[in-house]
Amino acid sequence: MEICLIGGGNHTNNELGEVFLELSKMIKPEAKILIIPFATENSRYESWMASITQAFSIMENVTVELLNEDLSGKEMKKSIIEHDILYFIGGKPERLIHVIEEKGLTPIIKNFQGLIIGYSAGSLAFGHDCIITKDKDYPETIVIKGLD
């Protein structure tokens with residue numbers, strides 16, 4: 001397993017252009033990328049998909065798919081196994097961790113043999129502990145158990 005953690009940045013204005021250029025060196029042509037969107041609300045999935053698909057368009061023949069939260073845990077596990085890359089989007093790390101644990105995905109993610117990419121909240125979730133500092137979205141600093 002390889003892990004790439006992206007702290008933040010904007011997909012839509014080429015702010016992450018250099019990051020995706022480096023990723024393109026790591027990603028084989030025709031790779032299958034699975035977007036794990038559980039850190040954000042369902043209503044934002046389409047806009048995330050559009051921006052991430054655009055960012056990955058610099059790579060040869062990659063396919064980008066979205067892991068639907070309405071699938072059963074068994075269906076999600078099957079989908080994860082069928083992909084080469086898992087891309088965890090930003091948003092709220094506690095929501096991401098909750099859905100992963102609720103669907104029983106932690107073991108399959110820990111044993112995933114491809115590339116795992118965490119973006120913003122998607123990267124925070126991978127630590128032993130996830131420290132979220134006080135800001136406009138969080139009225140106080142909190143520590144939650146990460147995926148370890």
# chains A, B, ... in the order shown; residues from 1 in each chain; ligands from 1
$ residues_around --residues "Thr12 of chain A" --least-positions-apart "5" --cutoff "9 Å" --atoms "only C-alpha atoms" --output "CSV table (one decimal) with C-alpha atoms, in the first residue's frame"
chain,number,residue,atom,x,y,z
A,51,SER,CA,-13.7,18.5,-9.8
A,52,ILE,CA,-11.8,15.3,-9.1
A,54,GLN,CA,-11.2,17.0,-14.0
A,55,ALA,CA,-8.1,16.8,-11.9
$ select_by_dssp --residues "segment 8-63 of chain A" --states "strand (DSSP E or B)" --output "list in words"
Lys32, Ile33, Leu34, Ile35, Ile36 and Thr63 of chain A
$ closest_residue --among "A:Tyr138, A:Phe56, A:Phe88, A:Tyr45" --to "Glu22 of chain A" --atoms "only C-alpha atoms"
A:Phe56
$ closest_residue --among "A:Lys110, A:Pro37, A:Gly104, A:Leu147" --to "Ala125 of chain A" --atoms "only C-alpha atoms"
A:Leu147
$ residues_around --residues "segment 142-146 of chain A" --least-positions-apart "3" --cutoff "7 Å" --atoms "only C-alpha atoms" --output "ChimeraX atom specification"
/A:97,125-133
$ write_last_selection --atoms "N, CA and C atoms" --output "short mmCIF file (atom, residue, chain, number, x, y, z; two decimals), in the first residue's frame"
data_model
loop_
_atom_site.label_atom_id
_atom_site.label_comp_id
_atom_site.auth_asym_id
_atom_site.auth_seq_id
_atom_site.Cartn_x
_atom_site.Cartn_y
_atom_site.Cartn_z
N ILE A 97 -15.11 8.79 9.17
CA ILE A 97 -14.77 7.68 10.06
C ILE A 97 -16.02 6.92 10.47
N ALA A 125 -8.29 11.54 8.73
CA ALA A 125 -8.91 10.33 9.25
C ALA A 125 -7.95 9.16 9.37
N PHE A 126 -6.79 9.19 8.72
CA PHE A 126 -5.90 8.03 8.69
C PHE A 126 -4.98 7.89 9.89
N GLY A 127 -4.88 8.91 10.70
CA GLY A 127 -4.01 8.83 11.86
C GLY A 127 -4.62 7.99 12.98
N HIS A 128 -3.81 7.75 14.02
CA HIS A 128 -4.31 7.05 15.20
C HIS A 128 -5.38 7.91 15.87
N ASP A 129 -5.07 9.17 16.02
CA ASP A 129 -6.02 10.16 16.54
C ASP A 129 -6.15 11.27 15.52
N CYS A 130 -7.29 11.87 15.49
CA CYS A 130 -7.57 12.96 14.56
C CYS A 130 -7.87 14.20 15.41
N ILE A 131 -7.00 15.18 15.31
CA ILE A 131 -7.18 16.41 16.08
C ILE A 131 -7.75 17.47 15.16
N ILE A 132 -8.92 17.96 15.51
CA ILE A 132 -9.59 18.98 14.72
C ILE A 132 -9.59 20.26 15.55
N THR A 133 -8.88 21.26 15.05
CA THR A 133 -8.74 22.49 15.82
C THR A 133 -9.93 23.42 15.61
#
$ residues_around --residues "Val62 of chain A" --least-positions-apart "6" --cutoff "7 Å" --atoms "only C-alpha atoms" --output "PyMOL selection string"
chain A and resi 29-32
$ write_last_selection --atoms "C-alpha atoms" --output "mmCIF file, in the first residue's frame"
data_model
loop_
_atom_site.group_PDB
_atom_site.id
_atom_site.type_symbol
_atom_site.label_atom_id
_atom_site.label_comp_id
_atom_site.auth_asym_id
_atom_site.auth_seq_id
_atom_site.Cartn_x
_atom_site.Cartn_y
_atom_site.Cartn_z
ATOM 1 C CA PRO A 29 -2.478 4.096 -17.262
ATOM 2 C CA GLU A 30 -6.011 2.724 -17.130
ATOM 3 C CA ALA A 31 -6.096 2.781 -13.327
ATOM 4 C CA LYS A 32 -9.478 2.527 -11.648
#
$ residues_around --residues "segment 66-80 of chain A" --least-positions-apart "5" --cutoff "7 Å" --atoms "only C-alpha atoms" --output "number ranges by chain"
A: 34-36, 103-105, 108
$ select_by_dssp --residues "chain A" --states "alpha helix (DSSP H)" --output "PyMOL selection string"
chain A and resi 17-26+45-56+73-81+93-102+106-110+121-124
$ residues_around --residues "Gly9 of chain A" --least-positions-apart "6" --cutoff "9 Å" --atoms "only C-alpha atoms" --output "list of chain:residue names"
A:Glu15, A:Leu16, A:Tyr119, A:Ser120
$ residues_around --residues "Leu5 of chain A" --least-positions-apart "5" --cutoff "9 Å" --atoms "only C-alpha atoms" --output "NGL selection string"
:A and (116-120 or 122-124)
$ closest_residue --among "A:Leu115, A:Asn61, A:Ile27, A:Ile85" --to "Cys4 of chain A" --atoms "only C-alpha atoms"
A:Leu115
